[in-house]
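Structure file model.cif (mmCIF, C-alpha atoms) is printed below.
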data_run
loop_
_atom_site.label_atom_id
_atom_site.label_comp_id
_atom_site.auth_asym_id
_atom_site.auth_seq_id
_atom_site.Cartn_x
_atom_site.Cartn_y
_atom_site.Cartn_z
CA MET H 227 1.73 84.55 -4.67
CA ASP H 228 1.88 83.43 -1.15
CA THR H 229 4.12 80.70 -0.31
CA HIS H 230 3.59 78.81 2.78
CA ALA H 231 6.54 77.17 4.24
CA PRO H 232 5.39 75.46 7.33
CA ASP H 233 7.70 75.03 10.15
CA THR H 234 7.74 71.34 10.07
CA ALA H 235 9.20 70.97 13.49
CA ALA H 236 6.28 72.89 14.92
CA ALA H 237 3.46 71.74 12.62
CA GLU H 238 4.51 68.07 12.55
CA PRO H 239 5.70 67.34 16.01
CA ARG H 240 6.12 63.68 15.11
CA SER H 241 9.48 62.34 16.16
CA ARG H 242 11.40 59.51 14.49
CA ARG H 243 10.40 57.35 17.45
CA ALA H 244 6.73 58.12 16.83
CA LEU H 245 7.19 57.30 13.16
CA PHE H 246 8.66 53.87 13.95
CA ALA H 247 5.88 53.26 16.47
CA SER H 248 3.21 54.02 13.88
CA LEU H 249 4.92 51.77 11.33
CA ILE H 250 5.09 48.90 13.83
CA ALA H 251 1.42 49.44 14.68
CA ALA H 252 0.57 49.38 10.99
CA GLY H 253 2.61 46.20 10.50
CA THR H 254 0.76 44.56 13.35
CA ALA H 255 -2.53 45.54 11.81
CA ALA H 256 -1.37 44.09 8.50
CA ALA H 257 -0.45 40.82 10.14
CA VAL H 258 -3.85 40.39 11.79
CA PRO H 259 -5.73 39.19 8.66
CA ALA H 260 -2.98 36.71 7.79
CA LEU H 261 -2.89 35.32 11.33
CA ALA H 262 -6.66 35.18 11.41
CA GLY H 263 -6.58 33.18 8.19
CA ARG H 264 -4.12 30.72 9.67
CA ALA H 265 -6.22 30.37 12.77
CA SER H 266 -9.29 29.50 10.73
CA ALA H 267 -7.23 26.97 8.74
CA ALA H 268 -6.17 25.37 12.02
CA ASP H 269 -9.82 25.16 13.01
CA ASP H 270 -10.57 23.35 9.75
CA ALA H 271 -7.76 20.87 10.35
CA ALA H 272 -9.10 20.14 13.80
CA THR H 273 -12.38 18.98 12.33
CA THR H 274 -10.79 16.25 10.16
CA THR H 275 -10.28 12.65 11.27
CA THR H 276 -7.06 12.10 13.16
CA ALA H 277 -4.59 10.10 11.09
CA PRO H 278 -3.23 6.90 12.61
CA PRO H 279 0.25 7.34 14.15
CA HIS H 280 3.31 6.05 12.32
CA ARG H 281 4.75 4.67 15.56
CA ALA H 282 3.10 3.88 18.87
CA SER H 283 4.85 2.87 22.08
CA ALA H 284 1.99 0.48 22.84
CA ASP H 285 3.10 -1.64 19.86
CA THR H 286 6.43 -2.59 21.43
CA ALA H 287 5.09 -5.54 23.43
CA ILE H 288 3.16 -6.86 20.42
CA VAL H 289 6.16 -6.63 18.10
CA ASN H 290 8.35 -8.28 20.76
CA SER H 291 5.93 -11.21 20.91
CA LEU H 292 6.19 -11.56 17.12
CA ILE H 293 9.98 -11.50 17.36
CA ALA H 294 9.78 -14.37 19.87
CA ARG H 295 7.55 -16.36 17.52
CA GLU H 296 9.88 -15.77 14.56
CA ALA H 297 12.91 -16.72 16.64
CA SER H 298 11.20 -20.01 17.48
CA MET H 299 10.59 -20.60 13.77
CA VAL H 300 14.28 -19.99 13.07
CA SER H 301 15.30 -22.60 15.68
CA THR H 302 12.74 -25.05 14.31
CA TYR H 303 14.03 -24.68 10.75
CA VAL H 304 17.61 -25.25 11.93
CA ALA H 305 16.51 -28.70 13.10
CA ALA H 306 14.49 -29.33 9.92
CA VAL H 307 17.30 -28.31 7.56
CA ALA H 308 19.67 -30.77 9.25
CA ALA H 309 17.27 -33.64 8.52
CA VAL H 310 16.97 -33.22 4.71
CA SER H 311 19.25 -32.86 1.71
CA GLY H 312 19.48 -31.63 -1.89
CA ASP H 313 16.64 -29.46 -3.23
CA ASP H 314 14.65 -30.10 -0.07
CA LYS H 315 17.47 -28.63 2.03
CA ALA H 316 17.76 -25.64 -0.30
CA ALA H 317 14.01 -24.99 -0.01
CA LEU H 318 14.01 -25.16 3.79
CA LEU H 319 17.14 -23.00 3.95
CA THR H 320 15.31 -20.36 1.91
CA ILE H 321 12.40 -20.32 4.36
CA HIS H 322 14.82 -20.38 7.31
CA GLY H 323 16.51 -17.32 5.84
CA HIS H 324 13.17 -15.54 5.60
CA HIS H 325 12.43 -16.10 9.29
CA VAL H 326 15.93 -14.89 10.20
CA ALA H 327 15.20 -11.73 8.21
CA TYR H 328 11.89 -11.24 10.05
CA VAL H 329 13.60 -11.45 13.45
CA GLU H 330 16.14 -8.90 12.28
CA SER H 331 13.68 -6.47 10.70
CA LEU H 332 11.24 -6.56 13.62
CA SER H 333 14.15 -6.14 16.08
CA ALA H 334 15.55 -3.29 14.02
CA PHE H 335 12.15 -1.64 14.08
CA LEU H 336 12.13 -1.64 17.89
CA GLY H 337 15.82 -0.82 18.25
CA THR H 338 16.92 -0.84 21.88
CA GLU H 339 13.43 -1.87 22.97
CA ALA H 340 13.69 -5.20 21.15
CA ALA H 341 13.80 -8.15 23.50
CA THR H 342 16.62 -10.62 22.97
CA THR H 343 15.44 -14.17 22.58
CA SER H 344 17.21 -17.36 21.63
CA GLY H 345 14.01 -18.88 20.23
CA THR H 346 12.70 -22.09 21.68
CA PRO H 347 12.26 -24.65 18.88
CA LEU H 348 8.71 -25.76 18.17
CA ALA H 349 7.71 -29.41 18.19
CA LEU H 350 9.15 -31.22 15.18
CA THR H 351 9.73 -34.88 14.40
CA THR H 352 12.60 -35.01 11.94
CA THR H 353 12.02 -38.54 10.72
CA GLY H 354 9.84 -39.57 7.79
CA GLY H 355 11.51 -37.51 5.10
CA TYR H 356 10.68 -34.18 3.48
CA SER H 357 6.90 -34.69 3.16
CA ALA H 358 6.47 -35.52 6.84
CA ILE H 359 8.66 -32.64 7.96
CA ALA H 360 7.03 -30.20 5.50
CA ALA H 361 3.57 -31.05 6.81
CA GLN H 362 4.65 -30.21 10.39
CA LEU H 363 6.37 -27.02 9.29
CA ALA H 364 3.25 -26.01 7.32
CA ALA H 365 1.23 -26.27 10.53
CA HIS H 366 3.78 -24.07 12.32
CA GLU H 367 3.65 -21.57 9.45
CA LYS H 368 -0.14 -21.46 9.74
CA ALA H 369 0.13 -20.69 13.46
CA THR H 370 2.77 -18.04 12.75
CA GLU H 371 0.53 -16.48 10.09
CA GLN H 372 -2.28 -16.31 12.65
CA ALA H 373 0.03 -14.84 15.31
CA HIS H 374 0.95 -12.02 12.91
CA ILE H 375 -2.70 -11.38 12.00
CA ASP H 376 -3.66 -11.30 15.69
CA GLY H 377 -0.78 -8.92 16.38
CA LEU H 378 -1.77 -6.71 13.45
CA SER H 379 -5.29 -6.34 14.86
CA ARG H 380 -3.78 -4.60 17.94
CA ILE H 381 -0.91 -2.68 16.34
CA GLN H 382 -1.63 1.06 16.22
CA GLY H 383 1.37 2.37 14.29
CA LEU H 384 1.30 2.33 10.51
CA ASP H 385 5.01 1.52 10.14
CA ALA H 386 4.80 -1.66 12.23
CA ALA H 387 1.50 -2.59 10.57
CA GLY H 388 3.05 -2.29 7.11
CA LEU H 389 6.03 -4.42 8.09
CA VAL H 390 3.89 -7.14 9.65
CA ALA H 391 1.52 -7.14 6.64
CA SER H 392 4.46 -7.69 4.29
CA ILE H 393 5.51 -10.68 6.43
CA ILE H 394 2.01 -12.21 6.52
CA THR H 395 1.71 -12.64 2.75
CA VAL H 396 5.03 -14.49 2.58
CA VAL H 397 4.42 -16.63 5.67
CA ALA H 398 1.17 -17.69 3.97
CA ARG H 399 3.23 -18.56 0.90
CA HIS H 400 5.58 -20.64 3.10
CA ARG H 401 2.69 -22.79 4.24
CA ALA H 402 1.34 -23.31 0.74
CA ALA H 403 4.81 -24.02 -0.68
CA LEU H 404 5.51 -26.67 1.97
CA LEU H 405 2.15 -28.36 1.38
CA VAL H 406 2.08 -28.25 -2.42
CA SER H 407 5.76 -29.17 -2.85
CA SER H 408 5.16 -32.30 -0.79
CA GLY H 409 2.21 -33.42 -2.89
CA ALA H 410 -0.93 -31.64 -1.65
CA ASP H 411 -3.29 -30.16 -4.25
CA ALA H 412 -5.00 -26.78 -4.28
CA SER H 413 -8.06 -28.05 -2.42
CA ALA H 414 -5.86 -28.67 0.65
CA LEU H 415 -5.04 -24.96 0.90
CA MET C 165 -2.01 79.93 -5.81
CA THR C 166 -0.60 78.45 -2.71
CA THR C 167 2.15 75.90 -2.81
CA GLN C 168 3.07 73.73 0.09
CA LYS C 169 6.59 72.69 0.76
CA ILE C 170 6.83 69.16 2.05
CA SER C 171 9.71 68.52 4.31
CA ARG C 172 11.74 65.30 4.24
CA ARG C 173 10.29 64.34 7.61
CA THR C 174 6.71 64.76 6.40
CA LEU C 175 7.49 62.78 3.26
CA ILE C 176 8.94 59.87 5.22
CA SER C 177 6.13 59.94 7.74
CA GLN C 178 3.33 60.03 5.18
CA GLY C 179 5.10 57.62 2.89
CA GLY C 180 5.47 55.13 5.74
CA ALA C 181 1.82 55.45 6.64
CA LEU C 182 0.89 54.91 2.98
CA ALA C 183 3.11 51.81 2.75
CA ALA C 184 1.58 50.41 5.93
CA ALA C 185 -1.90 51.00 4.55
CA GLY C 186 -0.87 49.19 1.39
CA VAL C 187 0.31 46.20 3.40
CA VAL C 188 -3.02 46.11 5.25
CA LEU C 189 -4.97 46.20 2.00
CA ALA C 190 -2.77 43.52 0.39
CA ALA C 191 -3.25 41.22 3.37
CA CYS C 192 -6.99 41.64 3.13
CA GLY C 193 -6.97 40.81 -0.58
CA SER C 194 -7.90 37.46 -2.10
CA GLU C 195 -5.48 34.81 -3.43
CA SER C 196 -6.50 35.56 -7.01
CA SER C 197 -3.56 36.15 -9.30
CA GLY C 198 -5.44 38.90 -11.06
CA LEU C 199 -3.66 38.12 -14.31
CA ALA C 200 -5.36 39.34 -17.43
CA ARG C 201 -6.84 36.60 -19.57
CA VAL C 202 -6.18 36.60 -23.30
CA GLY C 203 -8.31 34.59 -25.72
CA LEU C 204 -10.90 31.96 -24.93
CA ALA C 205 -10.54 30.35 -21.55
CA PRO C 206 -13.59 28.30 -20.68
CA SER C 207 -14.36 28.03 -17.01
CA THR C 208 -13.27 24.74 -15.42
CA THR C 209 -15.30 22.47 -13.22
CA ALA C 210 -13.51 21.26 -10.13
CA LEU C 211 -13.35 17.49 -9.64
CA PRO C 212 -15.54 16.22 -6.84
CA GLU C 213 -13.65 15.81 -3.58
CA ALA C 214 -12.86 12.12 -3.00
CA HIS C 215 -11.90 10.91 0.44
CA VAL C 216 -10.11 7.56 0.81
CA SER C 217 -12.00 6.08 3.73
CA ASP C 218 -12.00 2.54 5.08
CA VAL C 219 -15.28 1.98 3.22
CA VAL C 220 -13.67 3.05 -0.06
CA LEU C 221 -10.86 0.56 0.54
CA LEU C 222 -13.33 -2.22 1.35
CA ARG C 223 -15.40 -1.46 -1.75
CA THR C 224 -12.22 -1.54 -3.82
CA ALA C 225 -11.27 -4.87 -2.24
CA GLN C 226 -14.67 -6.15 -3.29
CA SER C 227 -14.05 -4.88 -6.81
CA VAL C 228 -10.69 -6.68 -6.95
CA GLU C 229 -12.20 -9.94 -5.68
CA ASN C 230 -14.98 -9.57 -8.28
CA LEU C 231 -12.28 -8.94 -10.86
CA ALA C 232 -10.57 -12.21 -9.90
CA VAL C 233 -13.85 -14.13 -10.17
CA ALA C 234 -14.68 -12.54 -13.53
CA ALA C 235 -11.20 -13.23 -14.93
CA LEU C 236 -10.94 -16.80 -13.66
CA THR C 237 -14.42 -17.72 -14.91
CA ASP C 238 -13.84 -16.26 -18.35
CA PRO C 239 -14.23 -19.05 -20.93
CA VAL C 240 -10.64 -18.54 -22.07
CA MET C 241 -9.39 -19.61 -18.63
CA GLY C 242 -10.90 -23.01 -19.29
CA LYS C 243 -8.13 -23.65 -21.84
CA GLY C 244 -5.90 -25.21 -19.19
CA ASN C 245 -5.56 -28.91 -18.50
CA SER C 246 -7.84 -30.75 -16.08
CA ALA C 247 -5.59 -30.11 -13.07
CA THR C 248 -5.51 -26.39 -13.84
CA LYS C 249 -9.28 -26.30 -14.30
CA ALA C 250 -9.81 -28.04 -10.96
CA ALA C 251 -7.43 -25.64 -9.24
CA ILE C 252 -9.12 -22.62 -10.79
CA GLU C 253 -12.48 -23.85 -9.45
CA VAL C 254 -10.95 -23.89 -5.96
CA PHE C 255 -9.58 -20.37 -6.47
CA VAL C 256 -12.95 -19.02 -7.65
CA ALA C 257 -14.63 -20.52 -4.58
CA GLY C 258 -11.97 -18.88 -2.41
CA HIS C 259 -12.54 -15.46 -3.94
CA ARG C 260 -16.29 -15.85 -3.52
CA ALA C 261 -15.70 -16.72 0.15
CA ASN C 262 -13.64 -13.54 0.49
CA LEU C 263 -16.52 -11.56 -1.05
CA THR C 264 -18.86 -13.07 1.52
CA ALA C 265 -16.46 -12.00 4.28
CA LEU C 266 -16.14 -8.46 2.89
CA ALA C 267 -19.88 -7.74 2.65
CA PRO C 268 -20.55 -7.33 6.40
CA LEU C 269 -17.35 -5.30 6.84
CA VAL C 270 -18.72 -2.74 4.36
CA ALA C 271 -22.25 -2.79 5.80
CA GLU C 272 -21.04 -2.38 9.41
CA ARG C 273 -19.35 0.86 8.37
CA GLY C 274 -22.43 2.24 6.63
CA GLY C 275 -21.11 1.61 3.13
CA THR C 276 -22.76 0.20 0.04
CA GLY C 277 -21.25 -2.95 -1.38
CA PHE C 278 -19.57 -2.98 -4.79
CA ASP C 279 -20.64 -6.00 -6.82
CA LYS C 280 -18.78 -5.40 -10.07
CA PRO C 281 -15.18 -6.00 -11.14
CA ASN C 282 -12.78 -3.09 -10.67
CA THR C 283 -13.55 -0.87 -13.62
CA ARG C 284 -10.06 0.33 -14.42
CA MET C 285 -8.27 -2.98 -13.75
CA MET C 286 -10.79 -4.83 -15.89
CA LYS C 287 -10.21 -2.48 -18.78
CA ASN C 288 -6.43 -2.12 -18.41
CA TYR C 289 -5.41 -5.67 -17.47
CA VAL C 290 -8.02 -8.41 -17.77
CA ALA C 291 -9.62 -7.48 -21.08
CA GLY C 292 -6.24 -7.33 -22.81
CA ALA C 293 -4.94 -10.50 -21.16
CA VAL C 294 -8.02 -12.50 -22.14
CA ALA C 295 -7.64 -11.37 -25.76
CA LEU C 296 -3.95 -12.30 -25.74
CA ILE C 297 -4.63 -15.78 -24.35
CA GLU C 298 -7.44 -16.27 -26.86
CA ASP C 299 -4.97 -15.55 -29.63
CA SER C 300 -2.07 -17.50 -28.11
CA ASP C 301 -0.62 -20.78 -29.27
CA GLN C 302 0.46 -21.60 -25.69
CA GLN C 303 -2.90 -21.25 -23.99
CA GLU C 304 -2.34 -23.80 -21.22
CA ALA C 305 0.81 -22.08 -20.03
CA ASP C 306 -0.70 -18.63 -20.49
CA VAL C 307 -3.71 -19.46 -18.34
CA ILE C 308 -1.36 -20.40 -15.48
CA ALA C 309 0.91 -17.38 -16.01
CA PHE C 310 -1.97 -14.92 -16.02
CA ALA C 311 -3.75 -16.52 -13.04
CA HIS C 312 -0.43 -16.49 -11.13
CA ALA C 313 0.01 -12.75 -11.64
CA LEU C 314 -3.66 -12.14 -10.87
CA GLU C 315 -3.52 -13.95 -7.52
CA GLY C 316 -0.36 -12.05 -6.66
CA VAL C 317 -1.98 -8.69 -7.28
CA VAL C 318 -5.10 -9.63 -5.28
CA ALA C 319 -2.98 -10.52 -2.23
CA ALA C 320 -0.82 -7.43 -2.68
CA THR C 321 -3.95 -5.24 -2.81
CA TYR C 322 -4.82 -6.13 0.78
CA GLN C 323 -1.21 -5.61 1.85
CA ALA C 324 -1.11 -2.20 0.16
CA PHE C 325 -4.36 -1.17 1.85
CA VAL C 326 -2.97 -1.80 5.34
CA SER C 327 -1.08 1.49 5.34
CA TRP C 328 -4.22 3.36 4.22
CA THR C 329 -6.63 1.75 6.68
CA SER C 330 -7.37 3.62 9.89
CA GLU C 331 -8.81 0.80 12.04
CA PRO C 332 -6.23 -1.75 13.30
CA ALA C 333 -8.87 -4.51 13.48
CA LEU C 334 -9.82 -3.87 9.87
CA ARG C 335 -6.17 -4.09 8.78
CA ALA C 336 -6.04 -7.57 10.31
CA ALA C 337 -9.35 -8.54 8.73
CA MET C 338 -8.03 -7.48 5.33
CA MET C 339 -4.77 -9.39 5.77
CA SER C 340 -6.68 -12.53 6.74
CA LEU C 341 -8.29 -12.23 3.29
CA ALA C 342 -4.86 -11.87 1.65
CA VAL C 343 -3.90 -15.34 2.80
CA LYS C 344 -5.93 -17.34 0.24
CA PRO C 345 -4.68 -15.47 -2.84
CA SER C 346 -1.14 -15.94 -1.49
CA TYR C 347 -1.75 -19.70 -1.27
CA TYR C 348 -3.19 -19.75 -4.79
CA ALA C 349 -0.22 -17.87 -6.24
CA VAL C 350 2.06 -20.58 -4.79
CA ALA C 351 -0.14 -23.40 -6.15
CA LEU C 352 0.12 -21.84 -9.62
CA ALA C 353 3.88 -21.31 -9.30
CA GLN C 354 4.21 -24.97 -8.40
CA MET C 355 2.38 -25.91 -11.63
CA VAL C 356 5.24 -24.24 -13.50
CA SER C 357 8.14 -25.25 -11.22
CA PRO C 358 6.97 -28.22 -9.14
CA GLY C 359 8.43 -29.70 -5.96
CA SER C 360 10.90 -28.31 -3.47
CA LYS C 361 13.12 -27.24 -6.38
CA GLY C 362 10.45 -24.68 -7.32
CA ILE C 363 10.34 -23.01 -3.92
CA SER C 364 13.48 -20.86 -4.06
CA PRO C 365 14.09 -18.23 -6.71
CA GLY C 366 16.55 -19.25 -9.40
CA VAL C 367 17.42 -19.11 -13.08
CA ASP C 368 17.15 -21.59 -15.96
CA GLU C 369 19.99 -22.77 -18.23
CA ALA C 370 19.69 -19.58 -20.26
CA GLY C 371 20.00 -17.44 -17.17
CA ASN C 372 16.37 -16.32 -17.19
CA PRO C 373 14.57 -16.18 -13.83
CA VAL C 374 12.21 -19.10 -13.25
CA VAL C 375 8.82 -18.89 -11.59
CA SER C 376 9.21 -19.71 -7.92
CA ALA C 377 6.84 -20.07 -4.98
CA LEU C 378 8.84 -17.66 -2.82
CA PRO C 379 10.26 -14.97 -5.09
CA THR C 380 10.76 -12.42 -2.27
CA LYS C 381 11.35 -12.35 1.51
CA TYR C 382 8.62 -9.77 2.06
CA GLY C 383 5.34 -9.29 0.26
CA SER C 384 6.00 -7.28 -2.86
CA LEU C 385 3.96 -4.25 -3.88
CA ALA C 386 5.69 -4.04 -7.26
CA SER C 387 4.07 -4.98 -10.57
CA PHE C 388 2.93 -8.57 -11.13
CA GLU C 389 3.84 -9.62 -14.62
CA ALA C 390 2.58 -12.32 -16.95
CA THR C 391 4.28 -13.03 -20.27
CA ILE C 392 1.48 -14.28 -22.50
CA GLY C 393 0.09 -14.24 -26.04
CA LYS C 394 1.31 -15.11 -29.47
CA VAL C 395 5.01 -14.91 -30.24
CA THR C 396 5.63 -11.91 -32.48
CA GLU C 397 7.83 -11.93 -35.58
CA ALA C 398 10.58 -10.50 -33.41
CA GLY C 399 10.30 -13.51 -31.11
CA ALA C 400 8.83 -11.58 -28.20
CA ARG C 401 5.59 -12.06 -26.27
CA THR C 402 3.47 -9.45 -24.54
CA VAL C 403 4.13 -8.74 -20.87
CA VAL C 404 0.95 -7.84 -18.98
CA SER C 405 2.03 -5.87 -15.93
CA MET C 406 -0.58 -5.54 -13.18
CA GLU C 407 -0.44 -3.22 -10.20
CA THR C 408 -2.46 -2.80 -7.03
CA PRO C 409 -5.25 -0.20 -7.13
CA SER C 410 -4.21 3.41 -6.76
CA LEU C 411 -6.12 6.65 -6.29
CA ASN C 412 -7.44 6.52 -9.86
CA SER C 413 -8.69 2.93 -9.55
CA LEU C 414 -10.31 2.97 -6.11
CA GLU C 415 -14.07 2.50 -6.03
CA TYR C 416 -15.25 5.65 -4.19
#

What is this file in structure tokens?
Amino acid sequence: MDTHAPDTAAAEPRSRRALFASLIAAGTAAAVPALAGRASAADDAATTTTAPPHRASADTAIVNSLIAREASMVSTYVAAVAAVSGDDKAALLTIHGHHVAYVESLSAFLGTEAATTSGTPLALTTTGGYSAIAAQLAAHEKATEQAHIDGLSRIQGLDAAGLVASIITVVARHRAALLVSSGADASAL
Amino acid sequence: MTTQKISRRTLISQGGALAAAGVVLAACGSESSGLARVGLAPSTTALPEAHVSDVVLLRTAQSVENLAVAALTDPVMGKGNSATKAAIEVFVAGHRANLTALAPLVAERGGTGFDKPNTRMMKNYVAGAVALIEDSDQQEADVIAFAHALEGVVAATYQAFVSWTSEPALRAAMMSLAVKPSYYAVALAQMVSPGSKGISPGVDEAGNPVVSALPTKYGSLASFEATIGKVTEAGARTVVSMETPSLNSLEY
């Protein structure tokens, strides 16, 4: 029986360095299909519709204009609250508090880019009692509602849009509450 | 017979090459788990892919407006007093006006209008509420309570859709349609708690929250509840809890 004991050093002149090189080459080859798969997935993603951004720098000016409008509403309600009493005062204080919250939340959204504004009061005659004042405030609420809707039509970012939308439904409620609580019926809405 | 001695170096070299080949083959393989299957396992049919587009949201808005019209014109909603009936007529006209406004928005985007009430909301909310009011011994109050929750959920639907809508102009168009249901919810709240006293949230003598025109600072996307129906032996009444449409109640 012949036994063949090859001289491995001579027959297999592969060094440890060559071994590592072949393993690295094999690893690279193994990675190619996986990378190719990822590349094709990226191609698929590129064909889908681009999602709207969560934040957009172009929204800053729009949100700042809404802050100015809300600040004016706050100043207007300060004057209105001083002219009424009892349940009427409590109701107007509630709405005043909402507008204060809107100034704060919109300003917080912009952070350092939020413009500071003292809020110029809107036209308001504080005589004539709650009904007369409520009717004027309802008109201001309607204009504020429209300002938010106009702003929303230009806002690109989803975060700002969601915040403004959540304000619109309650500003609309302000108007209706002021009208109905001072005697208007549903057909006036 | 010839035997070959394999040196350690050859073993490592060939073993490494074999392992590398294995990695290449594994990478080329499919994602299939390859697990053996035992017993009967019928093949499954994948659900059709559903994409939430602006048209889907508009069609769903139509379905919710149709739902409001269907619910408010149900004969049981005529159980209120004359003031409630007159108000409900105004609300129905408002929802029909919103439907008129929605139709071109759908058509402009190549969609087909949806002229039926939201299937799932009709089944889950309205059908049950109508039956409860029919059976109730407080029908006048129940009509107001249910309509109040209904108007709240219609307004909230538009608000909820803003974060799903891709076009900014369409978000604004939708929110302009949320205004009327918001007004109507207040008008109904004022039927329960009238005057300026009913504007702010509060509690009654027993400490229970009262219906108010302005229950929250920001538009809520939580459930809108109506406590309606006959009082049970335990002294409780049914709470119908309505939510804005979700992925399983959109009209694709």

Run the PyMOL selection byres ((chain H and resi 346) around 10) on the file and write out the hits as a compact mmCIF listing (two decimals) with C-alpha atoms, in the frame of the given file.
# COMPACT_ATOMS: atom_id res chain seq x y z
CA ALA H 294 9.78 -14.37 19.87
CA ARG H 295 7.55 -16.36 17.52
CA GLU H 296 9.88 -15.77 14.56
CA ALA H 297 12.91 -16.72 16.64
CA SER H 298 11.20 -20.01 17.48
CA MET H 299 10.59 -20.60 13.77
CA VAL H 300 14.28 -19.99 13.07
CA SER H 301 15.30 -22.60 15.68
CA THR H 302 12.74 -25.05 14.31
CA THR H 343 15.44 -14.17 22.58
CA SER H 344 17.21 -17.36 21.63
CA GLY H 345 14.01 -18.88 20.23
CA PRO H 347 12.26 -24.65 18.88
CA LEU H 348 8.71 -25.76 18.17
CA ALA H 349 7.71 -29.41 18.19

Interatomic distance (Å, one decimal) between CA of Arg281 in chain H and CA of Ala386 in chain H: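 Straight-line distance from CA of Arg281 in chain H to CA of Ala386 in chain H works out to 7.2 Å.
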
Output of the PyMOL selection byres ((chain C and resi 290) around 12), listed as number ranges by chain: C: 228, 230-238, 240-241, 281-289, 291-297, 307, 310-311, 313-314, 390, 404-407

Expansion of the PyMOL selection byres ((chain C and resi 243) around 10) into residues, as a PyMOL selection string: chain C and resi 238-242+244-246+248-249+297-298+302-308

Pick from C:Val317, C:Ala386, C:Lys381, C:Ser340 nearest to Tyr328 in chain H, counting only C-alpha atoms: C:Lys381

Between CA of Phe388 in chain C and CA of Val403 in chain C - distance in Å to one decimal: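 Between CA of Val403 in chain C and CA of Phe388 in chain C the gap works out to 9.8 Å.
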
Residues within 9 Å of range 318-325 of chain H, please, as a PDB file with C-alpha atoms, in the frame of the given file. Count all atoms listed in the file; anything in the same chain fewer than 3 positions from it doesn't count.
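Just written: part.pdb:
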ATOM      1  CA  GLU H 296       9.880 -15.770  14.560  1.00  0.00           C
ATOM      2  CA  ALA H 297      12.910 -16.720  16.640  1.00  0.00           C
ATOM      3  CA  MET H 299      10.590 -20.600  13.770  1.00  0.00           C
ATOM      4  CA  VAL H 300      14.280 -19.990  13.070  1.00  0.00           C
ATOM      5  CA  SER H 301      15.300 -22.600  15.680  1.00  0.00           C
ATOM      6  CA  THR H 302      12.740 -25.050  14.310  1.00  0.00           C
ATOM      7  CA  TYR H 303      14.030 -24.680  10.750  1.00  0.00           C
ATOM      8  CA  VAL H 304      17.610 -25.250  11.930  1.00  0.00           C
ATOM      9  CA  ALA H 306      14.490 -29.330   9.920  1.00  0.00           C
ATOM     10  CA  VAL H 307      17.300 -28.310   7.560  1.00  0.00           C
ATOM     11  CA  VAL H 310      16.970 -33.220   4.710  1.00  0.00           C
ATOM     12  CA  ASP H 313      16.640 -29.460  -3.230  1.00  0.00           C
ATOM     13  CA  ASP H 314      14.650 -30.100  -0.070  1.00  0.00           C
ATOM     14  CA  LYS H 315      17.470 -28.630   2.030  1.00  0.00           C
ATOM     15  CA  TYR H 328      11.890 -11.240  10.050  1.00  0.00           C
ATOM     16  CA  VAL H 329      13.600 -11.450  13.450  1.00  0.00           C
ATOM     17  CA  GLU H 330      16.140  -8.900  12.280  1.00  0.00           C
ATOM     18  CA  ALA H 360       7.030 -30.200   5.500  1.00  0.00           C
ATOM     19  CA  VAL H 396       5.030 -14.490   2.580  1.00  0.00           C
ATOM     20  CA  VAL H 397       4.420 -16.630   5.670  1.00  0.00           C
ATOM     21  CA  HIS H 400       5.580 -20.640   3.100  1.00  0.00           C
ATOM     22  CA  LEU H 404       5.510 -26.670   1.970  1.00  0.00           C
TER      23      LEU H 404
ATOM     24  CA  SER C 360      10.900 -28.310  -3.470  1.00  0.00           C
ATOM     25  CA  ILE C 363      10.340 -23.010  -3.920  1.00  0.00           C
ATOM     26  CA  SER C 364      13.480 -20.860  -4.060  1.00  0.00           C
ATOM     27  CA  PRO C 365      14.090 -18.230  -6.710  1.00  0.00           C
ATOM     28  CA  LEU C 378       8.840 -17.660  -2.820  1.00  0.00           C
ATOM     29  CA  THR C 380      10.760 -12.420  -2.270  1.00  0.00           C
ATOM     30  CA  LYS C 381      11.350 -12.350   1.510  1.00  0.00           C
ATOM     31  CA  TYR C 382       8.620  -9.770   2.060  1.00  0.00           C
TER      32      TYR C 382
END

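Using all atoms listed in the file, the nearest neighbour of chain H within the list C:Thr321, C:Thr264, C:Thr408, C:Thr391 is C:Thr321.
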
CA of Ile252 in chain C to CA of Leu222 in chain C, straight-line distance in Å: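 Computing it gives 24.1 Å between the two atoms.
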
Residue neighbourhood Gln323 in chain C, 7 Å, all atoms listed in the file, exclusion window fewer than 3 positions, as a PyMOL selection string: (chain H and resi 391-392) or (chain C and resi 319-320+326+339)

Given all atoms listed in the file as the counted atoms, nearest of C:Asn372, C:Ser227, C:Ser327, C:Thr402 to Phe278 in chain C: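 Among the listed residues, C:Ser227 lies closest to Phe278 in chain C.
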
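Residue nearest Ala403 in chain H within the list H:Leu384, H:Ala373, H:Ala327, H:Ala365: H:Ala365 [criterion: smallest interatomic distance, only C-alpha atoms].
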
Residue nearest chain H - candidates C:Ala333, C:Met338, C:Ala257, C:Ala250, atoms counted: all atoms listed in the file: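 Checking each candidate against chain H, we get C:Ala333 as the closest.
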